[in-house]
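In what follows, a single structure is set out as structure tokens and then discussed.
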Amino acid sequence: MPPTRLRDEDGRTLEELPAAVPLAGDNLRLSVNAFFVTDGTRSVLIDTGASNAWHDPTMGLIYDALDEAGIDRAHVTDVAITHKHEDHVSGLIAPDGSEAFTKLERVWIGAGDTSVFTGRLEPIRDRVVPVSEKVAINDWATAIPTPGHTPGHTVYDVRSGTGHLLVWGDTVHVPTLQFDQPNVSWELDGNQSQARAARAALLQQLTEPHHFVAGAHLDSPGIARVTPSGDGYALEYLAPPIG
């Protein structure tokens with residue numbers, strides 16, 4: 001993505017990037033992560049990647065990743081989508097046009113984003129569960145509406161004996177910048193002030209003990225702790241970033 005996607009509090013393009021922000025050529029390098037969560041009995045796949053909807057050979061690899069992890073996608077019954085953008089929802093349909101998860105029963109998504117289930121995604125529409133308020137999607141995961149990036153942007157709070165894992169979708173796009181400067185927003189945030197407020201609230205929540213974050217665009221594998229640091233926050237990955 002071009003650095004011109006980044007915006008200051010007044011909605012203007014950032015004039016200069018900090019040296020800590022790495023570039024691939026002249027562009028920002030963004031990981032695109034999805035998360036499979038299981039207690040050994042029940043499971044949920046949170047986001048599905050881009051399949052072949054985004055014509056970039058480095059994307060759409062979720063099916064290979066599931067195979068590598070020993071997860072049979074034919075057994076996936078529940079998918080939770082953080083928001084409607086194609087790098088999160090398109091993986092519901094495989095590149096050959098078939099349904100990627102043949103035993104799919106439910107697709108959780110914010111009510112404001114259900115309009116995405118047309119065209120290529122039309123076959124999934126009858127299994128969509130719109131999320132309009134905080135709701136449990138199983139015994140240990142709760143969907144929490146956090147509009148801003150899109151009208152239906154949703155965070156999933158996964159609970160265990162270890163604590164809380166907040167799978168927060170596109171709350172942050174450029175981790176090397178937006179933790180240190182959380183007021184920086186993204187051009188594709190539908191409502192930048194609302195997205196900024198949601199990010200501020202989630203970052204504060206993540207500083208509480210036993211809280212962890214899983215981010216679609218955090219450096220892969222995308223799971224980390226958050227701590228206060230100066231006027232912003234610091235990120236400590238639970239495993240070394242890949243790439």
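Following the order of the structure tokens, chains are lettered A, B, ..., residues in each are numbered from 1, and ligands are numbered from 1.
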I'd like a table as JSON lines: residues in segment 39-99 of chain A with an atom no more than 12 Å from segment 175-196 of chain A, each row giving the shortest atom pair and its distance in Å to one decimal, only C-alpha atoms counted, sorted by chain and rising residue number.
{"residue": "A:His83", "atom": "CA", "partner": "A:Asp189", "partner_atom": "CA", "distance": 11.4}
{"residue": "A:Lys84", "atom": "CA", "partner": "A:Gly190", "partner_atom": "CA", "distance": 11.7}
{"residue": "A:His85", "atom": "CA", "partner": "A:Leu188", "partner_atom": "CA", "distance": 10.0}
Contact table segment 24-135 of chain A vs segment 141-165 of chain A, cut-off 6 Å, shortest pair per residue, only C-alpha atoms, as CSV:
residue,atom,partner,partner_atom,distance
A:Thr82,CA,A:Thr154,CA,4.8
A:His83,CA,A:His153,CA,4.7
A:Gly110,CA,A:Gly152,CA,4.0
A:Ala111,CA,A:Gly152,CA,5.6
A:Gly112,CA,A:Gly152,CA,4.1
A:Asp113,CA,A:Gly152,CA,4.7
A:Lys134,CA,A:Ile144,CA,4.6
A:Val135,CA,A:Ala143,CA,5.3
- Task: Please give the complete set of residues from segment 22-181 of chain A that DSSP, run on the backbone, assigns to strand (DSSP E or B), formatted as a VMD selection string.
- Result: chain A and resid 23 to 24 27 to 28 35 to 38 43 to 46 78 to 80 93 99 106 to 110 128 to 131 135 to 136 141 to 145 154 to 160 163 to 167
- Task: Quote the spacing between atom CA of Leu166 of chain A and atom CA of Ala216 of chain A in Å to one decimal place.
- Result: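 Going from atom CA of Leu166 of chain A over to atom CA of Ala216 of chain A, I get 11.2 Å.
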- Query: Hey, which of A:Gly215, A:Pro123, A:Pro57, A:Pro95 ends up closest to Phe35 of chain A? Count only C-alpha atoms.
  - Reply: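 The closest residue to Phe35 of chain A is A:Gly215.
Omitting Tyr237 of chain A and its sequence neighbours fewer than 3 positions away, and counting only C-alpha atoms, the residues within 8 Å are Gly222, Ile223, Ala224, Arg225, Pro240 and Pro241 of chain A.
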Quick one: write out the picked residues with N, CA and C atoms as a short mmCIF file (atom, residue, chain, number, x, y, z; two decimals), in the first residue's frame?
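Listing of result27.cif after writing:
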data_model
loop_
_atom_site.label_atom_id
_atom_site.label_comp_id
_atom_site.auth_asym_id
_atom_site.auth_seq_id
_atom_site.Cartn_x
_atom_site.Cartn_y
_atom_site.Cartn_z
N GLY A 222 1.21 -11.97 14.12
CA GLY A 222 0.18 -11.00 14.43
C GLY A 222 -0.44 -11.04 15.81
N ILE A 223 0.20 -11.67 16.80
CA ILE A 223 -0.34 -11.73 18.15
C ILE A 223 0.67 -11.09 19.10
N ALA A 224 0.17 -10.20 19.99
CA ALA A 224 1.11 -9.39 20.78
C ALA A 224 0.48 -8.90 22.07
N ARG A 225 1.35 -8.37 22.94
CA ARG A 225 0.94 -7.62 24.12
C ARG A 225 1.08 -6.14 23.82
N PRO A 240 8.46 -13.99 17.15
CA PRO A 240 9.14 -13.05 16.25
C PRO A 240 8.36 -12.86 14.96
N PRO A 241 8.20 -11.63 14.50
CA PRO A 241 7.51 -11.40 13.22
C PRO A 241 8.20 -12.13 12.07
#
- Item | atom CA of Glu99 of chain A to atom CA of His217 of chain A, distance in Å rounded to a single decimal |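 So the answer is 24.9 Å.
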- Item | Among listed residues A:Asp139, A:Leu235, A:Val116, A:Leu104, nearest His75 of chain A (using only C-alpha atoms) |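 Of A:Asp139, A:Leu235, A:Val116, A:Leu104, the one nearest His75 of chain A is A:Leu104, counting only C-alpha atoms.
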- So how many Å separate atom CA of Leu14 of chain A and atom CA of Val32 of chain A, to one decimal? 22.9 Å
- Message: Calculated over only C-alpha atoms, which of the candidates A:Ser220, A:Glu122, A:Val89, A:Phe101 has the smallest distance to Trp54 of chain A?
- Response: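 The closest residue to Trp54 of chain A is A:Val89.
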- Query: Residues of segment 69-233 of chain A in helix (DSSP H, G or I) according to DSSP, as JSON, numbers by chain?
  - Reply: {"A": [73, 74, 75, 86, 87, 88, 89, 90, 91, 92, 111, 112, 113, 114, 115, 116, 119, 120, 121, 122, 123, 124, 125, 126, 127, 175, 176, 177, 178, 192, 193, 194, 195, 196, 197, 198, 199, 200, 201, 202, 203, 204, 205, 206]}
- Message: Nearest residue to Leu202 of chain A out of A:Leu218, A:Val226, A:Ile124, A:Leu28, using only C-alpha atoms?
- Response: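 The shortest atom-to-atom distance to Leu202 of chain A comes from A:Val226.
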